[in-house]
$ cat model20.json   # JSON, C-alpha atoms
[["chain", "number", "residue", "atom", "x", "y", "z"],
["A", 1, "MET", "CA", 50.50, -27.20, -38.88],
["A", 2, "ASP", "CA", 50.27, -26.83, -35.10],
["A", 3, "PRO", "CA", 51.40, -30.17, -33.56],
["A", 4, "GLU", "CA", 48.81, -29.97, -30.82],
["A", 5, "SER", "CA", 45.96, -29.63, -33.30],
["A", 6, "SER", "CA", 47.08, -32.78, -35.10],
["A", 7, "MET", "CA", 47.64, -34.96, -32.05],
["A", 8, "SER", "CA", 45.26, -37.84, -31.54],
["A", 9, "GLU", "CA", 43.08, -38.19, -28.49],
["A", 10, "ALA", "CA", 45.26, -41.14, -27.45],
["A", 11, "ASP", "CA", 48.47, -39.11, -27.86],
["A", 12, "ALA", "CA", 47.03, -36.37, -25.65],
["A", 13, "ARG", "CA", 45.92, -38.86, -23.00],
["A", 14, "TYR", "CA", 49.31, -40.56, -22.87],
["A", 15, "MET", "CA", 51.21, -37.27, -22.80],
["A", 16, "ARG", "CA", 49.05, -36.09, -19.91],
["A", 17, "ARG", "CA", 49.99, -39.26, -18.05],
["A", 18, "ALA", "CA", 53.67, -38.53, -18.78],
["A", 19, "ILE", "CA", 53.14, -35.05, -17.31],
["A", 20, "GLN", "CA", 51.72, -36.63, -14.14],
["A", 21, "LEU", "CA", 54.84, -38.77, -13.91],
["A", 22, "ALA", "CA", 57.02, -35.67, -14.37],
["A", 23, "GLN", "CA", 55.14, -34.02, -11.52],
["A", 24, "ARG", "CA", 55.95, -37.04, -9.37],
["A", 25, "ALA", "CA", 59.65, -36.57, -10.17],
["A", 26, "ARG", "CA", 59.36, -32.88, -9.24],
["A", 27, "ASP", "CA", 57.65, -33.77, -5.96],
["A", 28, "GLU", "CA", 60.58, -36.09, -5.17],
["A", 29, "GLY", "CA", 63.10, -33.30, -5.86],
["A", 30, "GLU", "CA", 64.16, -34.67, -9.25],
["A", 31, "VAL", "CA", 64.17, -32.83, -12.58],
["A", 32, "PRO", "CA", 60.53, -33.17, -13.72],
["A", 33, "VAL", "CA", 60.61, -35.58, -16.64],
["A", 34, "GLY", "CA", 58.11, -38.39, -17.12],
["A", 35, "ALA", "CA", 57.85, -41.13, -19.72],
["A", 36, "LEU", "CA", 55.72, -44.11, -20.61],
["A", 37, "VAL", "CA", 55.72, -46.90, -23.16],
["A", 38, "VAL", "CA", 52.54, -47.91, -24.97],
["A", 39, "LEU", "CA", 52.16, -51.15, -26.90],
["A", 40, "GLY", "CA", 48.93, -52.25, -28.54],
["A", 41, "GLY", "CA", 47.01, -49.46, -26.84],
["A", 42, "GLU", "CA", 48.17, -50.56, -23.40],
["A", 43, "MET", "CA", 50.64, -48.78, -21.10],
["A", 44, "VAL", "CA", 53.33, -51.37, -20.45],
["A", 45, "GLY", "CA", 55.97, -49.23, -18.78],
["A", 46, "GLU", "CA", 56.32, -45.89, -17.08],
["A", 47, "GLY", "CA", 59.01, -43.95, -15.32],
["A", 48, "TRP", "CA", 60.02, -40.59, -13.92],
["A", 49, "ASN", "CA", 63.47, -39.17, -13.32],
["A", 50, "ARG", "CA", 65.14, -40.79, -10.31],
["A", 51, "PRO", "CA", 68.93, -40.43, -10.64],
["A", 52, "ILE", "CA", 69.28, -38.60, -7.31],
["A", 53, "ALA", "CA", 67.10, -40.97, -5.28],
["A", 54, "SER", "CA", 68.56, -44.11, -6.85],
["A", 55, "GLN", "CA", 72.13, -42.77, -7.07],
["A", 56, "ASP", "CA", 72.08, -44.00, -10.66],
["A", 57, "PRO", "CA", 73.02, -41.67, -13.53],
["A", 58, "SER", "CA", 71.07, -43.86, -15.95],
["A", 59, "ALA", "CA", 67.79, -43.57, -14.00],
["A", 60, "HIS", "CA", 66.18, -41.22, -16.51],
["A", 61, "ALA", "CA", 62.42, -41.44, -17.02],
["A", 62, "GLU", "CA", 62.76, -43.01, -20.48],
["A", 63, "VAL", "CA", 65.20, -45.69, -19.36],
["A", 64, "LEU", "CA", 63.03, -46.62, -16.38],
["A", 65, "ALA", "CA", 59.94, -46.81, -18.62],
["A", 66, "LEU", "CA", 61.82, -49.04, -21.09],
["A", 67, "ARG", "CA", 63.03, -51.31, -18.28],
["A", 68, "MET", "CA", 59.50, -51.76, -16.94],
["A", 69, "ALA", "CA", 58.09, -52.34, -20.43],
["A", 70, "GLY", "CA", 60.72, -54.97, -21.20],
["A", 71, "LYS", "CA", 59.90, -56.83, -18.00],
["A", 72, "ASN", "CA", 56.15, -56.59, -18.55],
["A", 73, "VAL", "CA", 56.37, -57.73, -22.17],
["A", 74, "GLY", "CA", 59.07, -60.32, -21.49],
["A", 75, "ASN", "CA", 61.39, -58.95, -24.17],
["A", 76, "TYR", "CA", 63.89, -56.10, -24.38],
["A", 77, "ARG", "CA", 62.77, -55.49, -27.97],
["A", 78, "LEU", "CA", 59.64, -53.36, -28.28],
["A", 79, "PRO", "CA", 59.29, -52.95, -32.07],
["A", 80, "ASP", "CA", 55.68, -51.78, -32.21],
["A", 81, "ALA", "CA", 55.79, -49.55, -29.14],
["A", 82, "THR", "CA", 55.51, -45.78, -28.74],
["A", 83, "LEU", "CA", 57.42, -43.96, -26.04],
["A", 84, "TYR", "CA", 55.94, -40.72, -24.69],
["A", 85, "ALA", "CA", 58.26, -38.31, -22.86],
["A", 86, "THR", "CA", 57.75, -34.81, -21.52],
["A", 87, "LEU", "CA", 61.24, -33.74, -22.62],
["A", 88, "GLU", "CA", 63.22, -34.51, -25.76],
["A", 89, "PRO", "CA", 65.46, -37.47, -24.88],
["A", 90, "CYS", "CA", 69.20, -37.19, -24.32],
["A", 91, "ALA", "CA", 71.73, -39.30, -26.23],
["A", 92, "MET", "CA", 71.66, -42.08, -23.63],
["A", 93, "CYS", "CA", 67.87, -42.38, -23.73],
["A", 94, "ALA", "CA", 67.74, -42.12, -27.53],
["A", 95, "GLY", "CA", 70.33, -44.90, -27.75],
["A", 96, "ALA", "CA", 68.23, -47.08, -25.45],
["A", 97, "MET", "CA", 65.21, -46.48, -27.69],
["A", 98, "VAL", "CA", 67.18, -47.55, -30.77],
["A", 99, "HIS", "CA", 68.35, -50.73, -29.02],
["A", 100, "ALA", "CA", 64.78, -51.47, -27.87],
["A", 101, "ARG", "CA", 63.57, -50.92, -31.47],
["A", 102, "ILE", "CA", 60.92, -48.43, -30.35],
["A", 103, "ALA", "CA", 58.74, -47.56, -33.36],
["A", 104, "ARG", "CA", 57.75, -44.03, -32.38],
["A", 105, "LEU", "CA", 58.68, -41.30, -29.93],
["A", 106, "VAL", "CA", 56.27, -38.53, -28.94],
["A", 107, "TYR", "CA", 57.76, -35.79, -26.80],
["A", 108, "GLY", "CA", 56.73, -32.46, -25.35],
["A", 109, "ALA", "CA", 59.44, -29.86, -24.75],
["A", 110, "ARG", "CA", 62.57, -29.60, -26.87],
["A", 111, "ASP", "CA", 65.95, -29.73, -25.15],
["A", 112, "PRO", "CA", 68.23, -27.20, -26.85],
["A", 113, "LYS", "CA", 71.23, -28.26, -24.74],
["A", 114, "SER", "CA", 71.24, -32.05, -25.02],
["A", 115, "GLY", "CA", 68.28, -33.16, -27.12],
["A", 116, "ALA", "CA", 69.07, -36.18, -29.27],
["A", 117, "ALA", "CA", 65.83, -36.32, -31.29],
["A", 118, "GLY", "CA", 66.66, -33.41, -33.57],
["A", 119, "SER", "CA", 67.57, -30.39, -31.42],
["A", 120, "VAL", "CA", 71.29, -30.99, -30.86],
["A", 121, "PHE", "CA", 71.71, -34.49, -32.30],
["A", 122, "ASP", "CA", 69.41, -36.67, -34.36],
["A", 123, "LEU", "CA", 70.28, -40.15, -33.16],
["A", 124, "LEU", "CA", 66.76, -41.44, -33.72],
["A", 125, "GLY", "CA", 66.79, -40.57, -37.41],
["A", 126, "SER", "CA", 70.40, -41.45, -38.17],
["A", 127, "SER", "CA", 70.85, -43.76, -41.14],
["A", 128, "ARG", "CA", 74.22, -44.77, -39.62],
["A", 129, "LEU", "CA", 72.35, -46.81, -37.00],
["A", 130, "ASN", "CA", 70.52, -50.06, -37.65],
["A", 131, "HIS", "CA", 67.14, -48.70, -36.53],
["A", 132, "GLN", "CA", 65.34, -45.39, -36.82],
["A", 133, "VAL", "CA", 62.52, -44.12, -34.63],
["A", 134, "ALA", "CA", 59.68, -41.96, -35.98],
["A", 135, "VAL", "CA", 59.49, -38.74, -33.96],
["A", 136, "THR", "CA", 56.54, -36.49, -33.16],
["A", 137, "ALA", "CA", 57.73, -33.38, -31.34],
["A", 138, "ASP", "CA", 56.15, -30.53, -29.40],
["A", 139, "LEU", "CA", 52.97, -32.21, -28.14],
["A", 140, "LEU", "CA", 51.77, -30.24, -25.10],
["A", 141, "ALA", "CA", 55.17, -28.53, -25.33],
["A", 142, "SER", "CA", 54.17, -25.40, -23.41],
["A", 143, "GLU", "CA", 52.82, -27.43, -20.49],
["A", 144, "CYS", "CA", 55.89, -29.69, -20.42],
["A", 145, "GLY", "CA", 58.27, -26.76, -20.75],
["A", 146, "GLU", "CA", 56.59, -24.73, -18.02],
["A", 147, "LEU", "CA", 56.93, -27.64, -15.60],
["A", 148, "LEU", "CA", 60.70, -27.61, -16.20],
["A", 149, "ARG", "CA", 61.01, -23.80, -16.10],
["A", 150, "ALA", "CA", 59.10, -23.60, -12.81],
["A", 151, "PHE", "CA", 61.28, -26.32, -11.30],
["A", 152, "PHE", "CA", 64.52, -24.55, -12.19],
["A", 153, "ARG", "CA", 63.15, -21.13, -11.12],
["A", 154, "SER", "CA", 62.44, -22.59, -7.68],
["A", 155, "ARG", "CA", 66.05, -23.81, -7.44],
["A", 156, "ARG", "CA", 67.61, -20.38, -8.06]]
$ encode --input "model20.json" --output "structure tokens"
Amino acid sequence: MDPESSMSEADARYMRRAIQLAQRARDEGEVPVGALVVLGGEMVGEGWNRPIASQDPSAHAEVLALRMAGKNVGNYRLPDATLYATLEPCAMCAGAMVHARIARLVYGARDPKSGAAGSVFDLLGSSRLNHQVAVTADLLASECGELLRAFFRSRR
């Protein structure tokens, strides 16, 4: 089944917001990745890549969205939350999701070089860890992927 045909209206709306955040990263000269955390139908955290601007290697979109969500909710554990990201998370971001007890990840483009939600590693589904995250992949993948491809083409 085509993932985009099975996505809910809410999933599409949240992923489009993540794409807007990725565009903000691009406009700031960062790799265009955006992420947001949704809990109980409410956006409680959002972020876009900022490692260059913040001089912080951990300032990935997903980590920034989790930090904001934790502050807004008043807890670093987010067990009923969904994280939306335009790019498959890396190992660092996947690990942060496991520690936050995120229930579900929805992402756009796969990352064949460092994806940790099934492409290179499957940290989110590993039974060796004390928490697993349900993963929905490839939602608005072509749009998310094109944003990244265009960014890197412009850098060559």
$ closest_residue --input "model20.json" --among "A:Ala117, A:Met68, A:Val33, A:Ala25" --to "Val133 of chain A" --atoms "all atoms listed in the file"
A:Ala117
$ atom_distance --input "model20.json" --atom1 "atom CA of Ile52 of chain A" --atom2 "atom CA of Tyr14 of chain A"
25.4 Å
$ closest_atom_pairs --input "model20.json" --of "segment 76-155 of chain A" --to "segment 18-24 of chain A" --cutoff "12 Å" --atoms "all atoms listed in the file" --output "JSON lines"
{"residue": "A:Leu83", "atom": "CA", "partner": "A:Ala18", "partner_atom": "CA", "distance": 9.8}
{"residue": "A:Tyr84", "atom": "CA", "partner": "A:Ala18", "partner_atom": "CA", "distance": 6.7}
{"residue": "A:Ala85", "atom": "CA", "partner": "A:Ala18", "partner_atom": "CA", "distance": 6.1}
{"residue": "A:Thr86", "atom": "CA", "partner": "A:Ala18", "partner_atom": "CA", "distance": 6.2}
{"residue": "A:Leu87", "atom": "CA", "partner": "A:Ala22", "partner_atom": "CA", "distance": 9.5}
{"residue": "A:Val106", "atom": "CA", "partner": "A:Ala18", "partner_atom": "CA", "distance": 10.5}
{"residue": "A:Tyr107", "atom": "CA", "partner": "A:Ala18", "partner_atom": "CA", "distance": 9.4}
{"residue": "A:Gly108", "atom": "CA", "partner": "A:Ile19", "partner_atom": "CA", "distance": 9.2}
{"residue": "A:Ala109", "atom": "CA", "partner": "A:Ile19", "partner_atom": "CA", "distance": 11.0}
{"residue": "A:Leu139", "atom": "CA", "partner": "A:Ile19", "partner_atom": "CA", "distance": 11.2}
{"residue": "A:Leu140", "atom": "CA", "partner": "A:Ile19", "partner_atom": "CA", "distance": 9.3}
{"residue": "A:Ala141", "atom": "CA", "partner": "A:Ile19", "partner_atom": "CA", "distance": 10.5}
{"residue": "A:Ser142", "atom": "CA", "partner": "A:Ile19", "partner_atom": "CA", "distance": 11.5}
{"residue": "A:Glu143", "atom": "CA", "partner": "A:Ile19", "partner_atom": "CA", "distance": 8.3}
{"residue": "A:Cys144", "atom": "CA", "partner": "A:Ile19", "partner_atom": "CA", "distance": 6.8}
{"residue": "A:Gly145", "atom": "CA", "partner": "A:Ile19", "partner_atom": "CA", "distance": 10.3}
{"residue": "A:Glu146", "atom": "CA", "partner": "A:Ile19", "partner_atom": "CA", "distance": 10.9}
{"residue": "A:Leu147", "atom": "CA", "partner": "A:Gln23", "partner_atom": "CA", "distance": 7.8}
{"residue": "A:Leu148", "atom": "CA", "partner": "A:Ala22", "partner_atom": "CA", "distance": 9.0}
{"residue": "A:Ala150", "atom": "CA", "partner": "A:Gln23", "partner_atom": "CA", "distance": 11.2}
{"residue": "A:Phe151", "atom": "CA", "partner": "A:Gln23", "partner_atom": "CA", "distance": 9.9}
$ atom_distance --input "model20.json" --atom1 "atom CA of Met92 of chain A" --atom2 "atom CA of Ala116 of chain A"
8.6 Å
$ atom_distance --input "model20.json" --atom1 "atom CA of Gly45 of chain A" --atom2 "atom CA of Ala81 of chain A"
10.4 Å
$ closest_residue --input "model20.json" --among "A:Leu66, A:Leu124, A:Ala12, A:Ala96" --to "Leu39 of chain A" --atoms "only C-alpha atoms"
A:Leu66
$ closest_residue --input "model20.json" --among "A:Gly125, A:Gly95, A:Gly29, A:Gly118" --to "Ser58 of chain A" --atoms "all atoms listed in the file"
A:Gly95
$ closest_residue --input "model20.json" --among "A:Pro89, A:Pro57, A:Gly115, A:Gly70" --to "Val37 of chain A" --atoms "all atoms listed in the file"
A:Gly70
$ closest_residue --input "model20.json" --among "A:Lys71, A:Arg101, A:Arg13, A:Arg50" --to "Pro32 of chain A" --atoms "only C-alpha atoms"
A:Arg50
$ closest_residue --input "model20.json" --among "A:Gly47, A:Gly34, A:Gly40, A:Pro79" --to "Ala65 of chain A" --atoms "all atoms listed in the file"
A:Gly47
$ build_atoms --input "model20.json" --residues "segment 101-112 of chain A" --atoms "all heavy atoms" --output "compact mmCIF listing (two decimals), in the frame of the given file"
# COMPACT_ATOMS: atom_id res chain seq x y z
N ARG A 101 64.31 -50.93 -30.20
CA ARG A 101 63.57 -50.92 -31.47
C ARG A 101 62.20 -50.26 -31.32
O ARG A 101 61.22 -50.67 -31.94
CB ARG A 101 63.39 -52.32 -32.05
CG ARG A 101 64.67 -53.11 -32.27
CD ARG A 101 65.59 -52.45 -33.28
NE ARG A 101 66.67 -53.32 -33.69
CZ ARG A 101 67.88 -53.36 -33.15
NH1 ARG A 101 68.18 -52.55 -32.15
NH2 ARG A 101 68.80 -54.18 -33.60
N ILE A 102 62.15 -49.20 -30.49
CA ILE A 102 60.92 -48.43 -30.35
C ILE A 102 60.51 -47.93 -31.73
O ILE A 102 61.35 -47.47 -32.51
CB ILE A 102 61.14 -47.25 -29.38
CG1 ILE A 102 61.36 -47.76 -27.95
CG2 ILE A 102 60.01 -46.23 -29.44
CD1 ILE A 102 60.14 -48.39 -27.31
N ALA A 103 59.23 -48.00 -32.04
CA ALA A 103 58.74 -47.56 -33.36
C ALA A 103 58.59 -46.05 -33.44
O ALA A 103 58.90 -45.44 -34.46
CB ALA A 103 57.40 -48.24 -33.67
N ARG A 104 58.10 -45.45 -32.34
CA ARG A 104 57.75 -44.03 -32.38
C ARG A 104 58.03 -43.38 -31.04
O ARG A 104 57.79 -43.97 -29.99
CB ARG A 104 56.26 -43.92 -32.72
CG ARG A 104 55.72 -42.51 -32.80
CD ARG A 104 54.24 -42.54 -33.23
NE ARG A 104 53.68 -41.22 -33.24
CZ ARG A 104 52.57 -40.86 -32.59
NH1 ARG A 104 51.90 -41.74 -31.89
NH2 ARG A 104 52.13 -39.63 -32.66
N LEU A 105 58.50 -42.15 -31.11
CA LEU A 105 58.68 -41.30 -29.93
C LEU A 105 57.77 -40.10 -30.08
O LEU A 105 57.72 -39.48 -31.15
CB LEU A 105 60.13 -40.81 -29.83
CG LEU A 105 60.37 -39.62 -28.88
CD1 LEU A 105 60.17 -40.03 -27.43
CD2 LEU A 105 61.75 -39.03 -29.11
N VAL A 106 57.06 -39.76 -29.01
CA VAL A 106 56.27 -38.53 -28.94
C VAL A 106 56.81 -37.78 -27.74
O VAL A 106 56.83 -38.32 -26.63
CB VAL A 106 54.77 -38.83 -28.76
CG1 VAL A 106 53.98 -37.53 -28.65
CG2 VAL A 106 54.24 -39.69 -29.90
N TYR A 107 57.26 -36.54 -27.95
CA TYR A 107 57.76 -35.79 -26.80
C TYR A 107 57.18 -34.38 -26.76
O TYR A 107 56.69 -33.87 -27.77
CB TYR A 107 59.29 -35.79 -26.75
CG TYR A 107 60.01 -34.92 -27.75
CD1 TYR A 107 60.21 -33.56 -27.51
CD2 TYR A 107 60.51 -35.45 -28.92
CE1 TYR A 107 60.88 -32.76 -28.41
CE2 TYR A 107 61.19 -34.67 -29.84
CZ TYR A 107 61.37 -33.32 -29.57
OH TYR A 107 62.04 -32.53 -30.48
N GLY A 108 57.27 -33.78 -25.58
CA GLY A 108 56.73 -32.46 -25.35
C GLY A 108 57.72 -31.35 -25.63
O GLY A 108 57.78 -30.82 -26.73
N ALA A 109 58.52 -31.00 -24.64
CA ALA A 109 59.44 -29.86 -24.75
C ALA A 109 60.75 -30.27 -25.42
O ALA A 109 61.28 -31.35 -25.17
CB ALA A 109 59.74 -29.30 -23.35
N ARG A 110 61.26 -29.38 -26.25
CA ARG A 110 62.57 -29.60 -26.87
C ARG A 110 63.66 -29.31 -25.85
O ARG A 110 63.47 -28.49 -24.95
CB ARG A 110 62.75 -28.69 -28.08
CG ARG A 110 61.84 -29.05 -29.22
CD ARG A 110 62.00 -28.11 -30.41
NE ARG A 110 61.00 -28.40 -31.41
CZ ARG A 110 61.23 -29.16 -32.48
NH1 ARG A 110 62.41 -29.69 -32.69
NH2 ARG A 110 60.25 -29.40 -33.35
N ASP A 111 64.80 -29.97 -26.02
CA ASP A 111 65.95 -29.73 -25.15
C ASP A 111 67.09 -29.16 -25.99
O ASP A 111 67.83 -29.90 -26.63
CB ASP A 111 66.39 -31.02 -24.46
CG ASP A 111 67.49 -30.80 -23.45
OD1 ASP A 111 68.13 -29.72 -23.46
OD2 ASP A 111 67.74 -31.71 -22.64
N PRO A 112 67.23 -27.83 -26.00
CA PRO A 112 68.23 -27.20 -26.85
C PRO A 112 69.67 -27.41 -26.40
O PRO A 112 70.60 -27.05 -27.11
CB PRO A 112 67.86 -25.72 -26.80
CG PRO A 112 67.18 -25.55 -25.49
CD PRO A 112 66.44 -26.85 -25.24
